file final.txt (compact mmCIF, C-alpha atoms and all ligand atoms)
# COMPACT_ATOMS: atom_id res chain seq x y z
CA MET A 1 13.37 10.70 -29.09
CA LEU A 2 14.61 7.16 -28.65
CA ARG A 3 17.18 5.95 -26.10
CA PHE A 4 18.65 2.49 -26.02
CA VAL A 5 18.91 0.69 -22.69
CA ASP A 6 22.14 -1.15 -22.09
CA THR A 7 21.46 -4.65 -20.76
CA ALA A 8 23.47 -7.67 -19.70
CA VAL A 9 23.66 -10.99 -21.50
CA GLN A 10 22.13 -13.76 -19.39
CA ASP A 11 22.81 -17.47 -19.77
CA ALA A 12 19.62 -19.58 -19.81
CA GLU A 13 21.22 -22.69 -18.29
CA PRO A 14 20.78 -21.73 -14.59
CA TYR A 15 17.03 -21.45 -15.22
CA ALA A 16 16.87 -25.23 -15.75
CA GLU A 17 16.79 -25.55 -11.96
CA PHE A 18 13.29 -24.06 -11.96
CA ALA A 19 11.94 -24.63 -15.45
CA GLY A 20 13.51 -28.00 -16.23
CA GLU A 21 16.21 -28.90 -18.73
CA ALA A 22 13.64 -29.73 -21.44
CA GLN A 23 12.34 -26.16 -21.56
CA ILE A 24 15.84 -24.71 -21.81
CA GLU A 25 16.56 -27.10 -24.65
CA ARG A 26 13.41 -25.95 -26.45
CA LEU A 27 14.46 -22.32 -26.02
CA ARG A 28 17.86 -23.07 -27.53
CA GLU A 29 16.28 -24.86 -30.44
CA ILE A 30 13.87 -22.06 -31.38
CA ALA A 31 16.52 -19.41 -30.77
CA GLY A 32 18.82 -21.34 -33.11
CA GLU A 33 16.23 -20.98 -35.88
CA LEU A 34 16.01 -17.25 -35.26
CA ARG A 35 19.72 -16.52 -35.07
CA GLY A 36 20.76 -13.45 -37.04
CA LEU A 37 17.35 -11.81 -36.71
CA ARG A 38 17.55 -8.27 -35.33
CA VAL A 39 14.80 -7.75 -32.74
CA LEU A 40 13.81 -4.50 -31.05
CA HIS A 41 11.65 -4.16 -27.93
CA LEU A 42 10.16 -0.68 -27.71
CA ASN A 43 8.45 0.79 -24.64
CA ALA A 44 8.03 4.02 -22.68
CA THR A 45 10.11 3.65 -19.51
CA PRO A 46 13.27 1.82 -18.43
CA TYR A 47 12.15 1.61 -14.76
CA GLY A 48 8.98 1.51 -12.66
CA GLY A 49 6.13 -0.77 -13.61
CA GLY A 50 5.74 -4.22 -15.00
CA VAL A 51 6.86 -3.72 -18.60
CA ALA A 52 10.25 -2.35 -17.56
CA GLU A 53 10.54 -5.22 -15.10
CA LEU A 54 9.83 -7.74 -17.85
CA LEU A 55 12.20 -6.23 -20.38
CA ASN A 56 14.98 -6.12 -17.82
CA SER A 57 14.85 -9.91 -17.80
CA ILE A 58 13.63 -10.79 -21.29
CA VAL A 59 16.24 -8.82 -23.22
CA PRO A 60 19.32 -10.22 -21.42
CA LEU A 61 17.97 -13.77 -21.65
CA GLU A 62 17.13 -13.50 -25.33
CA ARG A 63 20.60 -12.11 -25.92
CA GLY A 64 22.02 -15.02 -23.93
CA LEU A 65 20.23 -17.35 -26.32
CA GLY A 66 22.25 -15.83 -29.12
CA LEU A 67 19.64 -13.42 -30.48
CA ASP A 68 20.43 -9.89 -31.56
CA VAL A 69 18.00 -8.01 -29.31
CA ALA A 70 17.89 -4.31 -28.44
CA TRP A 71 15.67 -2.35 -26.03
CA GLY A 72 14.59 1.16 -27.01
CA VAL A 73 12.70 3.61 -24.80
CA ILE A 74 10.72 6.62 -25.98
CA VAL A 75 11.73 9.82 -24.20
CA ALA A 76 9.09 12.52 -24.64
CA GLU A 77 7.69 15.80 -23.29
CA PRO A 78 4.95 16.27 -20.63
CA PRO A 79 2.02 16.64 -23.11
CA PHE A 80 2.92 13.22 -24.51
CA TYR A 81 2.72 11.57 -21.08
CA ALA A 82 -0.40 13.53 -20.13
CA LEU A 83 -2.16 12.00 -23.12
CA THR A 84 -0.75 8.51 -22.80
CA LYS A 85 -1.62 8.29 -19.10
CA ARG A 86 -5.19 9.45 -19.82
CA LEU A 87 -5.35 6.95 -22.65
CA HIS A 88 -4.14 4.23 -20.27
CA ASN A 89 -6.77 5.20 -17.70
CA ALA A 90 -9.56 5.27 -20.28
CA LEU A 91 -8.51 1.91 -21.73
CA GLN A 92 -8.80 0.51 -18.20
CA GLY A 93 -12.32 1.89 -17.94
CA ASP A 94 -12.27 5.60 -17.15
CA PRO A 95 -15.59 6.89 -18.53
CA THR A 96 -14.15 10.05 -20.09
CA PHE A 97 -11.48 10.44 -22.74
CA GLU A 98 -10.44 13.67 -24.40
CA VAL A 99 -7.43 14.60 -26.46
CA ALA A 100 -6.06 18.15 -26.70
CA PRO A 101 -4.63 19.04 -30.12
CA GLU A 102 -1.13 19.75 -28.70
CA GLU A 103 -1.14 16.37 -26.96
CA GLN A 104 -2.08 14.54 -30.11
CA ALA A 105 0.63 16.45 -31.98
CA ALA A 106 3.21 15.43 -29.35
CA TYR A 107 2.04 11.80 -29.48
CA LEU A 108 2.44 11.59 -33.23
CA GLN A 109 5.56 13.72 -33.49
CA HIS A 110 7.53 11.65 -30.96
CA ASN A 111 6.45 8.47 -32.62
CA ARG A 112 7.45 9.78 -36.03
CA ALA A 113 10.92 10.53 -34.64
CA VAL A 114 11.12 7.03 -33.14
CA ALA A 115 10.10 5.52 -36.47
CA GLU A 116 12.85 7.44 -38.24
CA SER A 117 15.48 6.11 -35.85
CA VAL A 118 14.44 2.47 -36.17
CA ALA A 119 13.46 2.25 -39.85
CA GLY A 120 15.43 -0.38 -41.74
CA GLN A 121 17.45 -1.46 -38.71
CA PHE A 122 15.39 -4.34 -37.33
CA ASP A 123 13.66 -7.45 -38.62
CA VAL A 124 11.14 -7.69 -35.76
CA VAL A 125 9.87 -4.81 -33.64
CA ILE A 126 7.87 -5.61 -30.51
CA VAL A 127 6.02 -2.51 -29.34
CA HIS A 128 4.75 -2.53 -25.76
CA ASP A 129 1.54 -0.72 -24.83
CA PRO A 130 -0.01 2.37 -26.42
CA GLN A 131 2.80 4.91 -25.95
CA PRO A 132 4.99 3.85 -28.92
CA ALA A 133 2.13 2.24 -30.90
CA PRO A 134 1.87 4.91 -33.66
CA ALA A 135 5.54 4.50 -34.62
CA ARG A 136 4.62 1.64 -36.94
CA GLN A 137 2.55 3.81 -39.26
CA PHE A 138 5.49 6.11 -39.92
CA VAL A 139 7.74 3.35 -41.22
CA ALA A 140 7.30 2.51 -44.87
CA PRO A 141 6.39 -1.17 -45.30
CA ASP A 142 9.47 -3.34 -45.72
CA HIS A 143 10.39 -6.88 -44.69
CA ALA A 144 10.21 -6.06 -40.94
CA LYS A 145 7.42 -7.58 -38.84
CA TRP A 146 5.74 -5.52 -36.13
CA VAL A 147 4.10 -6.91 -33.00
CA TRP A 148 1.92 -4.87 -30.65
CA ARG A 149 2.05 -6.28 -27.12
CA VAL A 150 -0.51 -4.70 -24.83
CA HIS A 151 -0.18 -5.25 -21.08
CA ILE A 152 -3.17 -3.32 -19.79
CA ASP A 153 -6.56 -4.52 -18.62
CA LEU A 154 -8.92 -3.97 -21.55
CA SER A 155 -11.89 -5.83 -20.07
CA ALA A 156 -13.98 -2.63 -19.72
CA TYR A 157 -12.31 -0.25 -22.15
CA ASN A 158 -13.67 3.17 -22.98
CA ARG A 159 -14.95 3.14 -26.56
CA ALA A 160 -13.62 6.58 -27.50
CA ALA A 161 -10.15 5.69 -26.23
CA TRP A 162 -10.12 2.43 -28.13
CA ASP A 163 -11.27 4.14 -31.35
CA PHE A 164 -8.46 6.66 -30.92
CA LEU A 165 -5.82 3.99 -30.37
CA SER A 166 -7.02 1.32 -32.76
CA GLN A 167 -6.18 3.37 -35.86
CA HIS A 168 -2.54 3.24 -34.73
CA VAL A 169 -2.36 -0.52 -34.20
CA GLU A 170 -4.28 -1.67 -37.27
CA ASN A 171 -1.27 -2.28 -39.45
CA TYR A 172 0.64 -4.60 -37.11
CA ASP A 173 1.46 -8.18 -38.05
CA ALA A 174 0.44 -9.55 -34.64
CA HIS A 175 -1.38 -8.33 -31.53
CA VAL A 176 -0.58 -9.94 -28.19
CA PHE A 177 -2.91 -9.72 -25.17
CA THR A 178 -2.49 -11.22 -21.72
CA MET A 179 -5.78 -13.10 -21.82
CA PRO A 180 -8.68 -13.64 -24.26
CA GLN A 181 -11.05 -11.55 -22.12
CA PHE A 182 -8.96 -8.48 -22.96
CA VAL A 183 -9.23 -8.73 -26.73
CA PRO A 184 -11.60 -6.04 -28.07
CA GLU A 185 -14.17 -7.49 -30.45
CA PRO A 186 -12.86 -5.74 -33.58
CA MET A 187 -9.37 -7.12 -32.93
CA ARG A 188 -10.33 -10.78 -32.95
CA ASP A 189 -8.65 -12.08 -36.04
CA GLY A 190 -5.83 -14.35 -37.12
CA ARG A 191 -3.25 -11.90 -35.86
CA THR A 192 -4.34 -12.17 -32.23
CA ARG A 193 -2.33 -14.13 -29.66
CA CYS A 194 -2.71 -14.41 -25.89
CA PHE A 195 -0.01 -15.18 -23.40
CA ALA A 196 0.68 -13.92 -19.92
CA PRO A 197 3.72 -12.17 -18.46
CA ALA A 198 6.00 -13.98 -16.03
CA ILE A 199 8.66 -13.44 -13.38
CA ASP A 200 12.39 -14.01 -13.36
CA PRO A 201 13.32 -16.39 -10.50
CA LEU A 202 16.97 -15.35 -10.68
CA SER A 203 16.54 -11.57 -10.72
CA PRO A 204 17.51 -9.64 -7.56
CA LYS A 205 13.80 -9.12 -6.95
CA ASN A 206 12.97 -12.81 -6.89
CA LEU A 207 16.07 -14.74 -5.86
CA VAL A 208 15.94 -16.44 -2.48
CA LEU A 209 17.09 -13.96 0.16
CA PRO A 210 18.56 -15.44 3.34
CA GLY A 211 16.07 -14.78 6.15
CA GLU A 212 18.48 -12.73 8.19
CA ILE A 213 19.25 -10.39 5.29
CA ALA A 214 15.54 -9.94 4.54
CA GLU A 215 14.95 -9.05 8.20
CA ARG A 216 17.77 -6.55 8.27
CA LEU A 217 16.46 -4.89 5.13
CA ILE A 218 12.96 -4.39 6.44
CA ARG A 219 14.26 -3.29 9.82
CA TRP A 220 16.28 -0.66 8.01
CA MET A 221 12.96 0.63 6.71
CA GLY A 222 11.69 0.96 10.29
CA VAL A 223 9.63 -2.23 10.50
CA HIS A 224 9.49 -4.12 13.82
CA ILE A 225 10.06 -7.71 12.86
CA ASP A 226 8.33 -9.08 15.95
CA ARG A 227 4.99 -7.59 14.87
CA PRO A 228 2.77 -8.51 11.91
CA LEU A 229 3.34 -6.78 8.58
CA LEU A 230 0.95 -6.18 5.70
CA THR A 231 2.47 -4.88 2.44
CA GLN A 232 1.35 -3.60 -0.93
CA VAL A 233 3.95 -3.16 -3.69
CA SER A 234 2.63 -1.11 -6.61
CA ARG A 235 3.06 2.03 -8.63
CA PHE A 236 1.15 4.87 -6.96
CA ASP A 237 -1.80 4.57 -9.25
CA ARG A 238 -5.51 4.86 -8.63
CA TRP A 239 -6.18 1.43 -10.18
CA LYS A 240 -4.10 -0.09 -7.37
CA ASP A 241 -6.23 1.71 -4.76
CA PRO A 242 -3.50 2.61 -2.22
CA ILE A 243 -5.92 4.72 -0.19
CA GLY A 244 -8.21 1.69 0.03
CA VAL A 245 -5.25 -0.30 1.37
CA ILE A 246 -4.82 2.21 4.20
CA ARG A 247 -8.54 1.91 4.98
CA VAL A 248 -8.30 -1.88 5.20
CA TYR A 249 -5.20 -1.62 7.43
CA ARG A 250 -7.06 0.73 9.81
CA GLU A 251 -9.97 -1.66 10.00
CA LEU A 252 -7.61 -4.55 10.75
CA ARG A 253 -5.82 -2.61 13.49
CA GLN A 254 -8.90 -2.85 15.67
CA LYS A 255 -8.31 -6.59 15.97
CA HIS A 256 -4.52 -6.61 15.37
CA PRO A 257 -3.26 -3.49 17.18
CA GLY A 258 0.40 -4.31 16.44
CA LEU A 259 -0.15 -4.54 12.69
CA GLN A 260 2.20 -2.53 10.47
CA LEU A 261 1.66 -1.49 6.87
CA ALA A 262 4.25 -1.00 4.13
CA LEU A 263 3.25 0.78 0.94
CA LEU A 264 6.04 0.51 -1.59
CA GLY A 265 5.59 2.30 -4.84
CA SER A 266 7.81 3.05 -7.75
CA MET A 267 7.62 6.15 -9.90
CA ALA A 268 7.78 5.50 -13.62
CA LEU A 269 9.14 7.91 -16.23
CA ASP A 270 5.88 7.77 -18.16
CA ASP A 271 3.49 8.21 -15.20
CA PRO A 272 2.69 11.85 -14.37
CA GLU A 273 0.03 10.98 -11.76
CA GLY A 274 2.32 9.08 -9.38
CA TRP A 275 3.56 12.06 -7.38
CA ASN A 276 0.07 13.42 -6.66
CA ILE A 277 -1.08 10.07 -5.38
CA TYR A 278 2.11 9.72 -3.34
CA GLU A 279 1.49 13.11 -1.69
CA THR A 280 -2.11 12.19 -0.91
CA ILE A 281 -0.89 9.00 0.76
CA VAL A 282 1.79 10.78 2.78
CA ARG A 283 -0.80 13.30 4.06
CA ASP A 284 -3.25 10.53 4.87
CA VAL A 285 -0.77 8.47 6.94
CA GLU A 286 0.88 11.38 8.76
CA GLY A 287 1.39 10.60 12.44
CA ASP A 288 1.04 6.83 12.11
CA GLN A 289 4.52 5.42 12.87
CA ASP A 290 3.40 1.96 11.81
CA ILE A 291 2.83 2.87 8.17
CA HIS A 292 5.97 2.83 6.04
CA VAL A 293 5.86 4.48 2.64
CA GLY A 294 8.82 3.71 0.41
CA THR A 295 9.72 4.52 -3.18
CA ASN A 296 12.55 4.10 -5.64
CA PHE A 297 13.48 7.67 -4.67
CA ASN A 298 14.19 6.80 -1.03
CA GLY A 299 16.11 3.61 -1.46
CA VAL A 300 13.49 0.98 -2.21
CA GLY A 301 14.95 -1.09 -5.01
CA ASN A 302 14.62 -4.68 -6.11
CA ILE A 303 16.28 -6.22 -3.08
CA GLU A 304 14.14 -4.22 -0.68
CA VAL A 305 10.97 -5.22 -2.55
CA ASN A 306 12.16 -8.81 -2.40
CA ALA A 307 12.64 -8.53 1.37
CA PHE A 308 9.15 -7.10 1.91
CA GLN A 309 7.51 -9.70 -0.33
CA SER A 310 9.42 -12.45 1.46
CA ARG A 311 8.97 -11.30 5.05
CA SER A 312 5.45 -9.84 5.15
CA ASP A 313 2.82 -11.89 6.92
CA VAL A 314 0.34 -11.04 4.19
CA VAL A 315 0.69 -9.08 0.95
CA ILE A 316 -2.32 -7.18 -0.34
CA GLN A 317 -2.92 -6.22 -3.97
CA LYS A 318 -6.03 -4.11 -3.89
CA SER A 319 -6.30 -3.64 -7.64
CA ILE A 320 -9.50 -2.40 -9.23
CA ARG A 321 -8.16 -3.22 -12.71
CA GLU A 322 -4.98 -5.14 -13.40
CA GLY A 323 -3.39 -6.05 -16.73
CA PHE A 324 -1.51 -8.88 -15.03
CA GLY A 325 0.04 -7.76 -11.76
CA LEU A 326 3.56 -9.17 -11.72
CA VAL A 327 3.64 -8.42 -8.00
CA VAL A 328 1.17 -11.26 -7.44
CA SER A 329 3.46 -13.90 -8.94
CA GLU A 330 6.50 -12.27 -7.33
CA THR A 331 4.85 -12.63 -3.93
CA ALA A 332 3.50 -16.13 -4.51
CA TRP A 333 6.96 -17.22 -5.63
CA LYS A 334 8.23 -16.34 -2.16
CA GLY A 335 5.54 -18.45 -0.54
CA THR A 336 3.91 -15.40 1.05
CA PRO A 337 0.09 -15.43 1.00
CA ILE A 338 -1.57 -12.65 -0.94
CA VAL A 339 -5.05 -11.20 -0.79
CA ALA A 340 -5.81 -9.64 -4.16
CA GLY A 341 -8.62 -8.18 -6.20
CA HIS A 342 -10.55 -10.61 -8.37
CA THR A 343 -9.80 -8.58 -11.45
CA GLY A 344 -7.92 -8.67 -14.76
CA GLY A 345 -4.93 -10.98 -14.84
CA ILE A 346 -4.83 -11.68 -11.11
CA PRO A 347 -7.10 -14.80 -11.13
CA LEU A 348 -4.69 -16.39 -13.61
CA GLN A 349 -2.07 -16.39 -10.87
CA ILE A 350 -3.82 -17.31 -7.62
CA ALA A 351 -7.06 -18.95 -6.59
CA ASP A 352 -8.77 -19.15 -3.20
CA GLY A 353 -6.51 -21.30 -1.05
CA GLU A 354 -3.79 -21.47 -3.70
CA GLY A 355 -1.47 -18.52 -3.13
CA GLY A 356 -4.01 -16.57 -1.09
CA PHE A 357 -7.54 -15.26 -1.60
CA LEU A 358 -9.33 -13.35 -4.32
CA VAL A 359 -11.64 -10.57 -3.19
CA SER A 360 -14.60 -9.16 -5.13
CA ARG A 361 -16.49 -7.28 -2.41
CA GLU A 362 -15.13 -4.31 -0.50
CA GLU A 363 -16.31 -5.71 2.84
CA ASP A 364 -14.27 -8.93 2.42
CA TRP A 365 -10.77 -7.45 2.35
CA ALA A 366 -10.20 -7.14 6.08
CA ALA A 367 -11.86 -10.50 6.85
CA ARG A 368 -9.62 -12.39 4.38
CA ILE A 369 -6.45 -10.78 5.69
CA ASP A 370 -7.57 -11.30 9.29
CA TYR A 371 -8.06 -14.99 8.53
CA LEU A 372 -4.49 -15.37 7.26
CA LEU A 373 -3.02 -13.35 10.12
CA SER A 374 -4.93 -15.47 12.62
CA HIS A 375 -4.04 -18.86 11.03
CA PRO A 376 -0.31 -18.65 10.30
CA GLU A 377 0.12 -22.39 9.65
CA GLU A 378 -2.62 -22.47 7.09
CA ALA A 379 -1.36 -19.20 5.62
CA ARG A 380 2.00 -20.89 5.10
CA ARG A 381 0.42 -23.87 3.30
CA ILE A 382 -1.66 -21.59 1.10
CA GLY A 383 1.51 -19.64 0.26
CA GLU A 384 3.38 -22.82 -0.67
CA ARG A 385 0.66 -23.85 -3.12
CA GLY A 386 0.94 -20.43 -4.76
CA ARG A 387 4.64 -20.95 -5.32
CA GLU A 388 3.97 -24.19 -7.18
CA ARG A 389 1.50 -22.46 -9.46
CA VAL A 390 4.06 -19.82 -10.36
CA ARG A 391 6.67 -22.48 -11.02
CA ARG A 392 4.29 -24.21 -13.41
CA ASP A 393 2.92 -21.26 -15.38
CA PHE A 394 4.60 -17.94 -14.64
CA LEU A 395 8.35 -18.24 -14.98
CA ILE A 396 10.15 -16.08 -17.51
CA THR A 397 11.37 -19.08 -19.51
CA ARG A 398 7.75 -19.92 -20.47
CA LEU A 399 7.19 -16.33 -21.56
CA ILE A 400 10.33 -16.33 -23.70
CA GLU A 401 9.25 -19.56 -25.33
CA ASP A 402 5.86 -18.01 -26.18
CA GLU A 403 7.54 -14.94 -27.57
CA LEU A 404 10.11 -16.79 -29.67
CA ARG A 405 7.39 -19.04 -31.09
CA LEU A 406 5.42 -15.95 -32.03
CA ILE A 407 8.43 -14.46 -33.81
CA ALA A 408 9.16 -17.74 -35.58
CA GLY A 409 5.54 -17.85 -36.73
CA ILE A 410 5.37 -14.38 -38.28
CA ARG A 411 8.82 -13.69 -39.65
N1 LIG B 1 7.86 -2.35 -8.22
C1 LIG B 1 9.09 -2.04 -7.67
N2 LIG B 1 9.14 -1.16 -6.66
C2 LIG B 1 8.06 -0.59 -6.12
C3 LIG B 1 6.79 -0.90 -6.69
C4 LIG B 1 6.73 -1.78 -7.74
O1 LIG B 1 10.12 -2.57 -8.11
O2 LIG B 1 8.19 0.19 -5.18
C5 LIG B 1 7.80 -3.34 -9.31
C6 LIG B 1 7.10 -4.60 -8.89
O3 LIG B 1 7.95 -5.42 -8.11
C7 LIG B 1 6.72 -5.20 -10.23
C8 LIG B 1 6.43 -3.95 -11.06
O4 LIG B 1 7.07 -2.86 -10.40
O5 LIG B 1 7.78 -5.92 -10.77
C9 LIG B 1 4.96 -3.68 -11.19
O6 LIG B 1 4.41 -4.54 -12.11
P1 LIG B 1 2.89 -4.95 -12.12
O7 LIG B 1 2.70 -5.84 -13.28
O8 LIG B 1 2.51 -5.51 -10.79
O9 LIG B 1 2.08 -3.58 -12.27
P2 LIG B 1 2.21 -2.35 -13.31
O10 LIG B 1 3.04 -1.33 -12.64
O11 LIG B 1 2.84 -2.86 -14.56
O12 LIG B 1 0.81 -1.88 -13.47
call {"tool": "encode", "arguments": {"input": "final.txt", "output": "structure tokens"}}
result
Amino acid sequence: MLRFVDTAVQDAEPYAEFAGEAQIERLREIAGELRGLRVLHLNATPYGGGVAELLNSIVPLERGLGLDVAWGVIVAEPPFYALTKRLHNALQGDPTFEVAPEEQAAYLQHNRAVAESVAGQFDVVIVHDPQPAPARQFVAPDHAKWVWRVHIDLSAYNRAAWDFLSQHVENYDAHVFTMPQFVPEPMRDGRTRCFAPAIDPLSPKNLVLPGEIAERLIRWMGVHIDRPLLTQVSRFDRWKDPIGVIRVYRELRQKHPGLQLALLGSMALDDPEGWNIYETIVRDVEGDQDIHVGTNFNGVGNIEVNAFQSRSDVVIQKSIREGFGLVVSETAWKGTPIVAGHTGGIPLQIADGEGGFLVSREEDWAARIDYLLSHPEEARRIGERGRERVRRDFLITRLIEDELRLIAGIR
């Protein structure tokens, strides 16, 4: 089944403050050429995770540029999500991949229903990630152009999972990856494009929060603002290694006994593993009053995430694989230093000394964070350089320009 998400219409003009007037002018120009085109973004969840975050900003801004843009979300049954989560894990490198017949049936049946509800109604359909990918094959060829936009880290994909998925994405007009390293060999052809996601500097998650408000928000979550705070913001997902974060925090506590840890994680509609991981974390941290676990189910929304990203001494992103990791740019935008895994899309966003540190070896996590905690002035300078990098390369206006150029090129 398909549900449409109601979104606002956002004026692009205020973004000139960050992106410059010239970029806003370019957006208006390309959008002018595309006026009248009916565009659909299709994904699997309206909340939780990076794709929902992106669409919540892209769709209103594209509409504000005068485009006719809709956002549709697949709503399915548990066997569908069981398969798509396993597919996601295998595409990120899980060694095993199996498909049960009832799961495959659910995957195809839901996508057939989606195809029936969109057929003939749009000129461009942008399909995000593997969940809605098969819909394309159930729509008879017409004038519409279909784009498959994959956000996951495909640098070490499982062959069986790719073979399973690739049959469903063959007949697209364009394939968009975050970076060239993610493009599977058989997909390298004239239809391939690469551009990275980006953050919205005016969204509630990223706007500048007055310091006092940020403090009040994190105090409300039980944090002592006079003691150091380490935070990870991520879905509860094994690729984000939340248990590893707790291990690093415990190691750091030996030198920084007042250190506090916040683990903020959202639950997504299409992620059946989140609750199990959440429960494991809650069991693991029981009795430690200095670890704060928050979710979108107990009041952690965009503003709270903003406050934690703004007010933490250091943010950690302990990813093992990472398609992009919007949280890295979100954090860097606030000038907060971040220690993150040297994996997937993360090195696009920060470099050693520019936004924080990249870590490749397990034994380096605590040392890097300790360094930043112990040198607050330098940590501040490193954070500032990260903000500049985000301003240059990872603001939503750049992403919209890439996307509109893609549409203009294939329509
Ligand atoms: N997020 C959130 N609340 C949370 C945890 C995450 O709003 O408790 C948001 C986070 O701010 C970011 C997105 O979810 O915008 C996660 O995107 P990212 O690209 O980092 O990872 P993904 O979930 O797509 O793997």
call {"tool": "residues_near_point", "arguments": {"input": "final.txt", "point": "(-13.3, -7.1, -16.6)", "cutoff": "10 Å", "atoms": "only C-alpha atoms", "output": "list of chain:residue names"}}
result
A:Gln92, A:Gly93, A:Asp153, A:Leu154, A:Ser155, A:Ala156, A:Tyr157, A:Gln181, A:Phe182, A:Ile320, A:Arg321, A:Glu322, A:Gly323, A:His342, A:Thr343, A:Gly344, A:Gly345
call {"tool": "closest_residue", "arguments": {"input": "final.txt", "among": "A:Gln317, A:Asn206, A:Thr178, A:Gln232", "to": "Lys334 of chain A", "atoms": "all atoms listed in the file"}}
result
A:Asn206
call {"tool": "residues_near_ligand", "arguments": {"input": "final.txt", "ligand": "ligand LIG 1 (chain B)", "cutoff": "6 Å", "atoms": "all atoms listed in the file", "output": "list in words"}}
result
Gly48, Gly49, Gly50, Val51, Glu53, Val233, Ser234, Arg235, Leu264, Gly265, Ser266, Thr295, Asn296, Gly301, Asn302, Phe324, Gly325, Leu326 and Val327 of chain A
call {"tool": "closest_residue", "arguments": {"input": "final.txt", "among": "A:Pro132, A:Pro101, A:Gly294, A:Gly353", "to": "Tyr371 of chain A", "atoms": "all atoms listed in the file"}}
result
A:Gly353
call {"tool": "closest_residue", "arguments": {"input": "final.txt", "among": "A:His224, A:Lys145, A:Arg405, A:Arg112", "to": "Arg311 of chain A", "atoms": "all atoms listed in the file"}}
result
A:His224
call {"tool": "atom_distance", "arguments": {"input": "final.txt", "atom1": "atom CA of Gly341 of chain A", "atom2": "atom CA of Ser360 of chain A"}}
result
6.2 Å
call {"tool": "residues_around", "arguments": {"input": "final.txt", "residues": "segment 8-10 of chain A", "least_positions_apart": "4", "cutoff": "7 Å", "atoms": "all atoms listed in the file", "output": "list in words"}}
result
Pro60, Leu61, Arg63 and Gly64 of chain A
call {"tool": "residues_around", "arguments": {"input": "final.txt", "residues": "Arg250 of chain A", "least_positions_apart": "4", "cutoff": "12 Å", "atoms": "only C-alpha atoms", "output": "VMD selection string"}}
result
chain A and resid 230 243 to 246 254 to 261 284 to 285 288 290 to 291 365 to 366
